[in-house]
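Chemist: Dropping the structure in here first, questions after.
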Amino acid sequence: MKSKTAALILAAGKGKRMRSSLPKVLHPVAEMPMVAHVVKVAIARRCDPIVVVVDANGRRVREILTATFPKTPLVFAVQEQQLGTADATRIALEAIPSFRGRVLVLYGDVPLLKADTVGRLTRAVEGKSLSLLTARVANPFGYGRVLREGSWVKAVVEHKDASVTERDINEINVGVYMCDYGLMREAVGAVRRNNKQHEAYLTDVVAIASGRKGAVGVVVDDRDEVRGVNTRAELAEAEGIMRRRLIAFHQNRGVTFCDPENTFLSTETKIQKDAIIGVGVQTYGKVKIASGARVDGPTVIKNATIGADAMIHSFSHIEGADVGKNASVGPFARLRPGARLEQGSKVGNFVEMKKSRLGRGAKASHLTYLGDADIGAGSNIGAGTITCNYDGGPVKHPTTIGAGCFVGSNTTLVAPVKLGANSFIAAGSTVSVDVPANALALGRARQVNKEGYAKRLRRKIHGKKA
Ligand code: UD1
Ligand code: MG
């Protein structure tokens with residue numbers, strides 16, 4: 001029978017180098033806390049149980065992980081004092097005392113690691129005491145160095161404790177280990193805090209395992225994967241790498257990015273082939289962009305859907321909206337939650353839409369606010385139209401505009417109000433009474449022309465000289 005693997009994720013460190021009041025492992029990379037990326041790896045490796053070590057103030061880590069992975073039961077173990085990675089591992093092991101099998105130790109600050117890479121440890125550990133991931137990097141500063149003897153790993157020495165010659169070694173410890181539960185428990189019990197940082201280093205377990213059936217290092221070729229994030233600068237680097245990875249993924253599926261360096265995609269963005277993503281586009285949360293759509297930047301899209309062949313012009317801000325096939329948005333449009341643009345409809349510049357439907361082929365081309373409105377197919381909403389949905393009270397009032405209506409410029413629609421199909425509203429109207437279908441509504445004062453009065457008026461203002 002295949003041996004079971006428990007994941008132990010260390011996430012209790014102070015993260016002093018981040019200089020933050022947010023726990024280090026909660027700093028996000030591609031919108032997800034670093035530690036959640038690591039939990040994802042453990043889930044992908046089918047680890048069971050998954051133990052996360054948090055500190056005494058780890059309530060937030062616990063809440064966020066529980067909310068992010070509602071289907072995965074996670075075991076939380078509390079490390080009261082941050083005495084080092086070996087101490088954290090001991091606490092994780094004690095949280096699952098009856099577990100038998102292998103343990104996979106992961107650090108919560110290595111967010112770019114891939115599950116497949118971690119999988120290489122399983123085969124490597126067969127017949128040995130321990131396997132660990134290593135990497136050869138250009139700048140090993142700060143990392144533990146891997147000391148080898150032939151093909152075996154003898155030990156890992158921490159940067160701060162390394163001699164000058166050991167610091168020249170460019171093979172680093174990634175911080176991912178696999179080993180039998182019993183051996184790990186015994187080894188972490190034997191680790192002492194006799195080093196520069198007075199911490200119980202988990203890395204000391206490597207030397208202990210090496211004295212048994214041996215420790216074997218699995219070299220990771222992709223140096224980006226192994227980056228530990230301890231500072232804000234390293235966080236920004238990790239973000240950049242994640243972003244490039246996501247863009248490469250979509251490029252391979254037929255998406256054009258006009259300027260990949262200036263595009264920010266969320267992990268949950270799905271883009272179909274032949275979509276074109278312009279300079280400065282940012283997506284957040286669950287975003288879907290269908291094939292042939294073009295999004296010009298700068299534009300922000302959050303939790304929204306952009307239909308096939310739709311055109312989003314630059315400087316648009318789209319959140320919680322559903323833009324239909326062939327629809328056109330912006331430039332300078334704001335679509336707020338609940339905005340729904342049906343096929344071929346158009347929202348032009350300086351138009352704000354909230355919780356409203358714009359029917360097939362309907363248009364609101366300029367300077368308009370549509371809130372809690374339902375607009376039928378083919379209607380035209382003139383420049384400067386406002387749906388007055390708010391009267392200061394607790395409920396917002398609806399405006400219903402039938403199909404084929406023409407709403408003249410500068411109309412105020414005082415909700416709740418209904419315009420029947422094919423009605424025509426004269427420009428400048430204030431409409432507070434329902435309009436029947438096919439009617440013309442004029443809701444404004446009649447114009448008066450006073451012949452010659454302009455001259456008299458000027459004289460009155462400027463005196464005889466005028
Ligand atoms: C560690 C390794 C180093 C490796 C590097 C890779 C040790 C002693 N050193 O160094 O060899 O090259 O990672 O990125 O392991 N943590 C706890 N409790 C503690 C201390 C730490 O849970 O008492 C957690 C932290 O939240 C973090 C992880 O363990 O997620 C690693 O700790 P960190 O302080 O970042 O170790 P490094 O100095 O990066
Ligand atoms: Mg670290």
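Following the order of the structure tokens, first chain is A, next is B, and so on, with residues numbered from 1 inside each chain and ligands from 1 in the order they appear.
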Counting only C-alpha atoms and all ligand atoms, which residues of chain A sit at most 6 Å from some atom of ligand 1, and what is each one's closest atom pair with its distance in Å to one decimal, listed by chain and rising residue number, as JSON lines?
Modeler:
{"residue": "A:Leu10", "atom": "CA", "partner": "ligand 1", "partner_atom_place_in_ligand_line": "22 (O)", "distance": 4.0}
{"residue": "A:Ala11", "atom": "CA", "partner": "ligand 1", "partner_atom_place_in_ligand_line": "26 (O)", "distance": 3.6}
{"residue": "A:Ala12", "atom": "CA", "partner": "ligand 1", "partner_atom_place_in_ligand_line": "22 (O)", "distance": 3.4}
{"residue": "A:Gly13", "atom": "CA", "partner": "ligand 1", "partner_atom_place_in_ligand_line": "26 (O)", "distance": 3.5}
{"residue": "A:Val53", "atom": "CA", "partner": "ligand 1", "partner_atom_place_in_ligand_line": "22 (O)", "distance": 5.8}
{"residue": "A:Gln82", "atom": "CA", "partner": "ligand 1", "partner_atom_place_in_ligand_line": "23 (O)", "distance": 3.4}
{"residue": "A:Leu83", "atom": "CA", "partner": "ligand 1", "partner_atom_place_in_ligand_line": "23 (O)", "distance": 4.4}
{"residue": "A:Gly84", "atom": "CA", "partner": "ligand 1", "partner_atom_place_in_ligand_line": "23 (O)", "distance": 3.3}
{"residue": "A:Thr85", "atom": "CA", "partner": "ligand 1", "partner_atom_place_in_ligand_line": "20 (C)", "distance": 4.4}
{"residue": "A:Ala88", "atom": "CA", "partner": "ligand 1", "partner_atom_place_in_ligand_line": "18 (N)", "distance": 4.8}
{"residue": "A:Tyr107", "atom": "CA", "partner": "ligand 1", "partner_atom_place_in_ligand_line": "30 (O)", "distance": 4.4}
{"residue": "A:Gly108", "atom": "CA", "partner": "ligand 1", "partner_atom_place_in_ligand_line": "30 (O)", "distance": 3.8}
{"residue": "A:Asp109", "atom": "CA", "partner": "ligand 1", "partner_atom_place_in_ligand_line": "30 (O)", "distance": 4.4}
{"residue": "A:Tyr143", "atom": "CA", "partner": "ligand 1", "partner_atom_place_in_ligand_line": "12 (O)", "distance": 3.6}
{"residue": "A:Gly144", "atom": "CA", "partner": "ligand 1", "partner_atom_place_in_ligand_line": "11 (O)", "distance": 3.4}
{"residue": "A:Glu158", "atom": "CA", "partner": "ligand 1", "partner_atom_place_in_ligand_line": "11 (O)", "distance": 5.5}
{"residue": "A:Ile172", "atom": "CA", "partner": "ligand 1", "partner_atom_place_in_ligand_line": "12 (O)", "distance": 5.7}
{"residue": "A:Asn173", "atom": "CA", "partner": "ligand 1", "partner_atom_place_in_ligand_line": "12 (O)", "distance": 4.2}
{"residue": "A:Val174", "atom": "CA", "partner": "ligand 1", "partner_atom_place_in_ligand_line": "6 (C)", "distance": 4.6}
{"residue": "A:Gly175", "atom": "CA", "partner": "ligand 1", "partner_atom_place_in_ligand_line": "6 (C)", "distance": 4.7}
{"residue": "A:Tyr201", "atom": "CA", "partner": "ligand 1", "partner_atom_place_in_ligand_line": "8 (C)", "distance": 4.0}
{"residue": "A:Leu202", "atom": "CA", "partner": "ligand 1", "partner_atom_place_in_ligand_line": "15 (O)", "distance": 5.0}
{"residue": "A:Thr203", "atom": "CA", "partner": "ligand 1", "partner_atom_place_in_ligand_line": "15 (O)", "distance": 5.3}
{"residue": "A:Gly228", "atom": "CA", "partner": "ligand 1", "partner_atom_place_in_ligand_line": "14 (O)", "distance": 3.8}
{"residue": "A:Asn230", "atom": "CA", "partner": "ligand 1", "partner_atom_place_in_ligand_line": "35 (O)", "distance": 5.9}
Chemist: Pick out the residues sitting within 9 Å of Val255 (chain A), and hand them over as a PyMOL selection string; count only C-alpha atoms, and ignore anything fewer than 5 positions along from it in its own chain.
Modeler: chain A and resi 247+250+271-277+291
Chemist: Please identify which residues in region 23-113 of chain A DSSP calls strand (DSSP E or B) from the backbone, and express them as a list in words.
Modeler: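 Strand (DSSP E or B) members of region 23-113 of chain A, listed: Pro28, Val29, Met32, Pro33, Ile50, Val51, Val52, Val53, Val54, Asp55, Leu74, Val75, Phe76, Ala77, Val78, Gln79, Arg102, Val103, Leu104, Val105, Leu106 and Tyr107 of chain A.
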Chemist: Compile the contact shell of Gly359 (chain A) as a compact mmCIF listing (two decimals) with N, CA and C atoms, in the first residue's frame: residues with an atom at most 9 Å away, counting only C-alpha atoms, same-chain residues fewer than 4 positions apart removed.
Modeler:
# COMPACT_ATOMS: atom_id res chain seq x y z
N ARG A 340 -25.57 44.85 -16.37
CA ARG A 340 -25.65 43.77 -17.36
C ARG A 340 -25.87 44.37 -18.74
N LEU A 341 -24.93 44.17 -19.60
CA LEU A 341 -25.05 44.71 -20.96
C LEU A 341 -25.35 43.56 -21.90
N GLU A 342 -26.50 43.61 -22.53
CA GLU A 342 -26.82 42.50 -23.43
C GLU A 342 -26.14 42.70 -24.77
N GLN A 343 -26.25 41.68 -25.57
CA GLN A 343 -25.53 41.64 -26.85
C GLN A 343 -25.64 42.94 -27.65
N GLY A 344 -24.50 43.41 -28.10
CA GLY A 344 -24.46 44.56 -28.99
C GLY A 344 -24.85 45.88 -28.34
N SER A 345 -24.99 45.93 -27.06
CA SER A 345 -25.35 47.21 -26.42
C SER A 345 -24.10 48.05 -26.22
N LYS A 363 -28.39 51.71 -26.15
CA LYS A 363 -27.21 52.56 -26.05
C LYS A 363 -27.36 53.63 -24.99
N ASP A 374 -34.00 49.07 -15.75
CA ASP A 374 -34.10 47.98 -16.71
C ASP A 374 -34.44 48.63 -18.04
N ILE A 375 -33.55 48.47 -19.01
CA ILE A 375 -33.71 49.19 -20.28
C ILE A 375 -33.92 48.17 -21.40
N GLY A 376 -35.01 48.32 -22.09
CA GLY A 376 -35.35 47.34 -23.12
C GLY A 376 -34.48 47.44 -24.36
N ALA A 377 -34.60 46.43 -25.19
CA ALA A 377 -33.76 46.32 -26.39
C ALA A 377 -33.93 47.55 -27.29
N GLY A 378 -32.83 47.97 -27.86
CA GLY A 378 -32.84 49.01 -28.88
C GLY A 378 -33.12 50.42 -28.38
N SER A 379 -33.28 50.62 -27.10
CA SER A 379 -33.57 51.97 -26.60
C SER A 379 -32.32 52.84 -26.67
N ALA A 403 -38.73 48.59 -24.51
CA ALA A 403 -37.90 48.46 -25.71
C ALA A 403 -38.18 49.62 -26.66
Chemist: Between A:Lys460, A:Lys355, A:Arg148, A:His159, which is the closest to ligand 2 once you count only C-alpha atoms and all ligand atoms?
Modeler: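 The shortest atom-to-atom distance to ligand 2 comes from A:His159.
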Chemist: Give me the residues within 12 Å of Ala138 (chain A) as a ChimeraX atom specification, counting only C-alpha atoms and dropping any in the same chain fewer than 3 places off.
Modeler: /A:135,141,143,168-172,223-224
Chemist: Write a file of the just-selected residues containing N, CA and C atoms, as an mmCIF file, in the first residue's frame.
Modeler:
data_model
loop_
_atom_site.group_PDB
_atom_site.id
_atom_site.type_symbol
_atom_site.label_atom_id
_atom_site.label_comp_id
_atom_site.auth_asym_id
_atom_site.auth_seq_id
_atom_site.Cartn_x
_atom_site.Cartn_y
_atom_site.Cartn_z
ATOM 1 N N ALA A 135 18.516 24.032 -4.713
ATOM 2 C CA ALA A 135 18.619 24.735 -6.004
ATOM 3 C C ALA A 135 19.959 25.440 -6.069
ATOM 4 N N PHE A 141 22.691 34.441 -0.973
ATOM 5 C CA PHE A 141 22.714 35.219 0.274
ATOM 6 C C PHE A 141 21.452 34.974 1.109
ATOM 7 N N TYR A 143 20.210 32.285 2.397
ATOM 8 C CA TYR A 143 19.663 30.920 2.411
ATOM 9 C C TYR A 143 20.604 29.961 3.143
ATOM 10 N N ASP A 168 30.442 30.466 -0.027
ATOM 11 C CA ASP A 168 30.682 30.428 -1.480
ATOM 12 C C ASP A 168 29.839 29.356 -2.174
ATOM 13 N N ILE A 169 29.291 28.446 -1.389
ATOM 14 C CA ILE A 169 28.467 27.383 -1.995
ATOM 15 C C ILE A 169 27.184 28.017 -2.524
ATOM 16 N N ASN A 170 26.856 27.694 -3.772
ATOM 17 C CA ASN A 170 25.643 28.319 -4.318
ATOM 18 C C ASN A 170 24.449 27.371 -4.392
ATOM 19 N N GLU A 171 24.590 26.197 -3.796
ATOM 20 C CA GLU A 171 23.428 25.297 -3.724
ATOM 21 C C GLU A 171 22.699 25.570 -2.402
ATOM 22 N N ILE A 172 21.452 25.968 -2.533
ATOM 23 C CA ILE A 172 20.718 26.383 -1.329
ATOM 24 C C ILE A 172 19.631 25.383 -0.929
ATOM 25 N N ARG A 223 14.868 28.330 -10.796
ATOM 26 C CA ARG A 223 15.275 29.063 -9.590
ATOM 27 C C ARG A 223 14.157 29.932 -9.029
ATOM 28 N N ASP A 224 13.261 30.351 -9.894
ATOM 29 C CA ASP A 224 12.180 31.218 -9.428
ATOM 30 C C ASP A 224 11.257 30.508 -8.446
#
Chemist: Excluding region 301-306 of chain A and its own-chain neighbours fewer than 4 positions away, which residues fall within 8 Å of it when counting only C-alpha atoms? Please give them as a ChimeraX atom specification.
Modeler: /A:281-290,293,310,317-325
Chemist: Counting only C-alpha atoms, what are the residues of region 142-249 of chain A within 10 Å of region 113-124 of chain A, and for each of them which pair of atoms is the nearest and at what distance in Å, to one decimal? Sort the table by chain and rising number, as CSV.
Modeler:
residue,atom,partner,partner_atom,distance
A:Val174,CA,A:Leu113,CA,9.4
A:Val176,CA,A:Val118,CA,7.6
A:Tyr177,CA,A:Leu121,CA,7.6
A:Met178,CA,A:Leu121,CA,6.4
A:Cys179,CA,A:Thr122,CA,9.1
A:Ala215,CA,A:Ala124,CA,9.4
A:Val216,CA,A:Ala124,CA,6.9
A:Gly217,CA,A:Ala124,CA,8.1
A:Val218,CA,A:Leu121,CA,6.9
A:Val219,CA,A:Thr117,CA,9.5
A:Val220,CA,A:Thr117,CA,7.2
A:Asp221,CA,A:Thr117,CA,9.6
A:Asp222,CA,A:Leu113,CA,9.5
A:Arg223,CA,A:Leu113,CA,9.9
A:Asp224,CA,A:Leu113,CA,8.3
A:Glu225,CA,A:Leu113,CA,4.7
A:Val226,CA,A:Leu113,CA,6.0
A:Arg227,CA,A:Leu113,CA,8.1
A:Gly228,CA,A:Leu113,CA,9.6
Chemist: Got time to write the residues from that selection, all heavy atoms, as a short mmCIF file (atom, residue, chain, number, x, y, z; two decimals), in the first residue's frame?
Modeler:
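selection_36.cif, freshly written:
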data_model
loop_
_atom_site.label_atom_id
_atom_site.label_comp_id
_atom_site.auth_asym_id
_atom_site.auth_seq_id
_atom_site.Cartn_x
_atom_site.Cartn_y
_atom_site.Cartn_z
N VAL A 174 15.91 24.76 -0.09
CA VAL A 174 14.64 25.39 -0.46
C VAL A 174 13.70 25.45 0.75
O VAL A 174 12.91 26.37 0.90
CB VAL A 174 13.98 24.60 -1.62
CG1 VAL A 174 12.60 25.14 -1.94
CG2 VAL A 174 14.87 24.64 -2.85
N VAL A 176 11.99 22.42 1.84
CA VAL A 176 10.96 21.40 1.62
C VAL A 176 11.62 20.04 1.85
O VAL A 176 12.62 19.72 1.19
CB VAL A 176 10.38 21.47 0.19
CG1 VAL A 176 9.27 20.45 0.01
CG2 VAL A 176 9.85 22.87 -0.10
N TYR A 177 11.05 19.29 2.77
CA TYR A 177 11.70 18.03 3.16
C TYR A 177 10.66 16.92 3.23
O TYR A 177 9.50 17.17 3.58
CB TYR A 177 12.32 18.14 4.56
CG TYR A 177 12.97 19.47 4.86
CD1 TYR A 177 12.19 20.57 5.23
CD2 TYR A 177 14.35 19.63 4.79
CE1 TYR A 177 12.77 21.80 5.52
CE2 TYR A 177 14.95 20.85 5.08
CZ TYR A 177 14.15 21.93 5.44
OH TYR A 177 14.74 23.13 5.72
N MET A 178 11.11 15.69 2.97
CA MET A 178 10.24 14.53 3.15
C MET A 178 10.98 13.48 3.95
O MET A 178 12.16 13.21 3.69
CB MET A 178 9.81 13.97 1.81
CG MET A 178 8.74 12.90 1.97
SD MET A 178 8.10 12.39 0.41
CE MET A 178 6.66 13.39 0.30
N CYS A 179 10.26 12.91 4.90
CA CYS A 179 10.91 11.98 5.81
C CYS A 179 9.85 11.20 6.55
O CYS A 179 8.69 11.59 6.58
CB CYS A 179 11.76 12.86 6.73
SG CYS A 179 12.18 12.28 8.32
N ALA A 215 20.67 11.26 3.39
CA ALA A 215 19.78 12.34 2.94
C ALA A 215 20.13 12.62 1.48
O ALA A 215 21.30 12.66 1.11
CB ALA A 215 19.98 13.59 3.78
N VAL A 216 19.08 12.81 0.69
CA VAL A 216 19.32 13.02 -0.74
C VAL A 216 18.69 14.35 -1.16
O VAL A 216 17.57 14.67 -0.76
CB VAL A 216 18.82 11.81 -1.56
CG1 VAL A 216 17.35 11.58 -1.37
CG2 VAL A 216 19.14 11.97 -3.03
N GLY A 217 19.46 15.09 -1.96
CA GLY A 217 18.98 16.40 -2.41
C GLY A 217 18.43 16.31 -3.83
O GLY A 217 19.05 15.73 -4.70
N VAL A 218 17.26 16.85 -4.03
CA VAL A 218 16.65 16.89 -5.37
C VAL A 218 16.81 18.33 -5.87
O VAL A 218 16.27 19.26 -5.26
CB VAL A 218 15.15 16.51 -5.30
CG1 VAL A 218 14.48 16.70 -6.65
CG2 VAL A 218 15.00 15.08 -4.82
N VAL A 219 17.55 18.49 -6.96
CA VAL A 219 17.84 19.85 -7.41
C VAL A 219 16.70 20.38 -8.29
O VAL A 219 16.30 19.74 -9.25
CB VAL A 219 19.18 19.88 -8.20
CG1 VAL A 219 19.53 21.32 -8.59
CG2 VAL A 219 20.30 19.26 -7.39
N VAL A 220 16.19 21.55 -7.92
CA VAL A 220 15.13 22.18 -8.70
C VAL A 220 15.80 23.10 -9.73
O VAL A 220 16.61 23.95 -9.37
CB VAL A 220 14.22 23.04 -7.77
CG1 VAL A 220 13.09 23.68 -8.55
CG2 VAL A 220 13.70 22.20 -6.62
N ASP A 221 15.43 22.93 -10.99
CA ASP A 221 16.09 23.73 -12.03
C ASP A 221 15.56 25.16 -12.10
O ASP A 221 16.29 26.09 -12.38
CB ASP A 221 15.92 23.06 -13.40
CG ASP A 221 16.59 21.70 -13.40
OD1 ASP A 221 17.68 21.59 -12.78
OD2 ASP A 221 16.03 20.75 -13.98
N ASP A 222 14.26 25.30 -11.87
CA ASP A 222 13.66 26.63 -11.99
C ASP A 222 13.93 27.42 -10.70
O ASP A 222 13.29 27.20 -9.67
CB ASP A 222 12.15 26.47 -12.22
CG ASP A 222 11.42 27.81 -12.31
OD1 ASP A 222 12.10 28.86 -12.21
OD2 ASP A 222 10.19 27.80 -12.47
N ARG A 223 14.87 28.33 -10.80
CA ARG A 223 15.28 29.06 -9.59
C ARG A 223 14.16 29.93 -9.03
O ARG A 223 14.12 30.23 -7.85
CB ARG A 223 16.46 29.98 -9.92
CG ARG A 223 17.69 29.22 -10.29
CD ARG A 223 18.71 30.20 -10.78
NE ARG A 223 19.83 29.50 -11.34
CZ ARG A 223 20.85 30.09 -11.92
NH1 ARG A 223 20.87 31.40 -12.04
NH2 ARG A 223 21.84 29.39 -12.40
N ASP A 224 13.26 30.35 -9.89
CA ASP A 224 12.18 31.22 -9.43
C ASP A 224 11.26 30.51 -8.45
O ASP A 224 10.70 31.12 -7.55
CB ASP A 224 11.35 31.70 -10.62
CG ASP A 224 12.09 32.76 -11.41
OD1 ASP A 224 13.04 33.36 -10.85
OD2 ASP A 224 11.73 32.98 -12.58
N GLU A 225 11.10 29.21 -8.67
CA GLU A 225 10.17 28.44 -7.85
C GLU A 225 10.54 28.40 -6.38
O GLU A 225 9.70 28.21 -5.52
CB GLU A 225 10.20 26.99 -8.35
CG GLU A 225 8.96 26.55 -9.02
CD GLU A 225 8.99 25.05 -9.19
OE1 GLU A 225 8.65 24.34 -8.27
OE2 GLU A 225 9.39 24.61 -10.28
N VAL A 226 11.82 28.51 -6.12
CA VAL A 226 12.31 28.20 -4.78
C VAL A 226 12.48 29.44 -3.90
O VAL A 226 12.94 29.35 -2.78
CB VAL A 226 13.65 27.45 -4.87
CG1 VAL A 226 13.48 26.20 -5.71
CG2 VAL A 226 14.75 28.34 -5.45
N ARG A 227 12.10 30.57 -4.43
CA ARG A 227 12.34 31.80 -3.67
C ARG A 227 11.56 31.85 -2.36
O ARG A 227 10.34 31.70 -2.36
CB ARG A 227 11.90 33.02 -4.49
CG ARG A 227 12.84 33.34 -5.62
CD ARG A 227 12.16 34.32 -6.52
NE ARG A 227 12.98 34.59 -7.68
CZ ARG A 227 13.74 35.66 -7.81
NH1 ARG A 227 13.79 36.56 -6.86
NH2 ARG A 227 14.45 35.83 -8.89
N GLY A 228 12.28 32.08 -1.30
CA GLY A 228 11.63 32.33 -0.02
C GLY A 228 11.38 33.82 0.07
O GLY A 228 12.20 34.62 -0.40
#
Chemist: Show me, as a PyMOL selection string, the residues that have an atom within 9 Å of Phe99 (chain A) when counting only C-alpha atoms, minus same-chain residues fewer than 6 positions from it.
Modeler: chain A and resi 4+6+49+93+181
Chemist: Measure the distance from CA of Leu65 (chain A) to CA of Arg46 (chain A) in Å and round it to one decimal.
Modeler: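 CA of Arg46 (chain A) lies 16.9 Å from CA of Leu65 (chain A).
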Chemist: Which of these, A:Ile241, A:Val191, A:Ile50, A:Ala454, has the shortest distance to Val105 (chain A) once you count only C-alpha atoms?
Modeler: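 So, comparing all the options, the nearest one is A:Ile50.
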Chemist: Taking only residues of region 170-251 of chain A that have an atom at most 10 Å from an atom of region 16-24 of chain A, what is each one's shortest atom pair and its distance in Å to one decimal, using only C-alpha atoms, in chain and number order, as a Markdown table?
Modeler:
| residue | atom | partner | partner_atom | distance |
| --- | --- | --- | --- | --- |
| A:Val229 | CA | A:Lys24 | CA | 8.6 |
| A:Asn230 | CA | A:Arg17 | CA | 5.8 |
| A:Thr231 | CA | A:Met18 | CA | 4.7 |
| A:Arg232 | CA | A:Met18 | CA | 5.8 |
| A:Ala233 | CA | A:Met18 | CA | 9.0 |
| A:Glu234 | CA | A:Met18 | CA | 9.5 |
| A:Leu235 | CA | A:Met18 | CA | 9.0 |
Chemist: Could you save the residues just selected, with N, CA, C and O atoms, as a short mmCIF file (atom, residue, chain, number, x, y, z; two decimals), in the first residue's frame?
Modeler:
data_model
loop_
_atom_site.label_atom_id
_atom_site.label_comp_id
_atom_site.auth_asym_id
_atom_site.auth_seq_id
_atom_site.Cartn_x
_atom_site.Cartn_y
_atom_site.Cartn_z
N VAL A 229 10.26 34.21 0.63
CA VAL A 229 9.93 35.64 0.71
C VAL A 229 10.09 36.10 2.16
O VAL A 229 9.33 35.69 3.03
N ASN A 230 11.08 36.91 2.39
CA ASN A 230 11.30 37.42 3.75
C ASN A 230 11.18 38.93 3.83
O ASN A 230 11.05 39.49 4.92
N THR A 231 11.27 39.62 2.69
CA THR A 231 11.25 41.08 2.68
C THR A 231 10.22 41.57 1.66
O THR A 231 9.76 40.81 0.81
N ARG A 232 9.92 42.87 1.72
CA ARG A 232 8.97 43.46 0.75
C ARG A 232 9.53 43.39 -0.66
O ARG A 232 8.79 43.21 -1.62
N ALA A 233 10.83 43.53 -0.80
CA ALA A 233 11.44 43.48 -2.13
C ALA A 233 11.26 42.07 -2.71
O ALA A 233 10.90 41.91 -3.89
N GLU A 234 11.47 41.05 -1.87
CA GLU A 234 11.30 39.68 -2.35
C GLU A 234 9.83 39.39 -2.66
O GLU A 234 9.52 38.64 -3.59
N LEU A 235 8.94 40.04 -1.93
CA LEU A 235 7.50 39.89 -2.19
C LEU A 235 7.17 40.42 -3.58
O LEU A 235 6.46 39.78 -4.36
#
Chemist: When DSSP works through the backbone of this structure, what residues of region 39-217 of chain A end up as helix (DSSP H, G or I), shown as a PyMOL selection string?
Modeler: chain A and resi 39-44+59-68+85-94+115-125+159-161+164-167+181-190+204-210
Chemist: Measuring atom to atom with only C-alpha atoms, identify which of A:Ala427, A:Cys47, A:Val448, A:Ala67 is nearest to Pro33 (chain A).
Modeler: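 That would be A:Ala67, the residue with the smallest distance to Pro33 (chain A).
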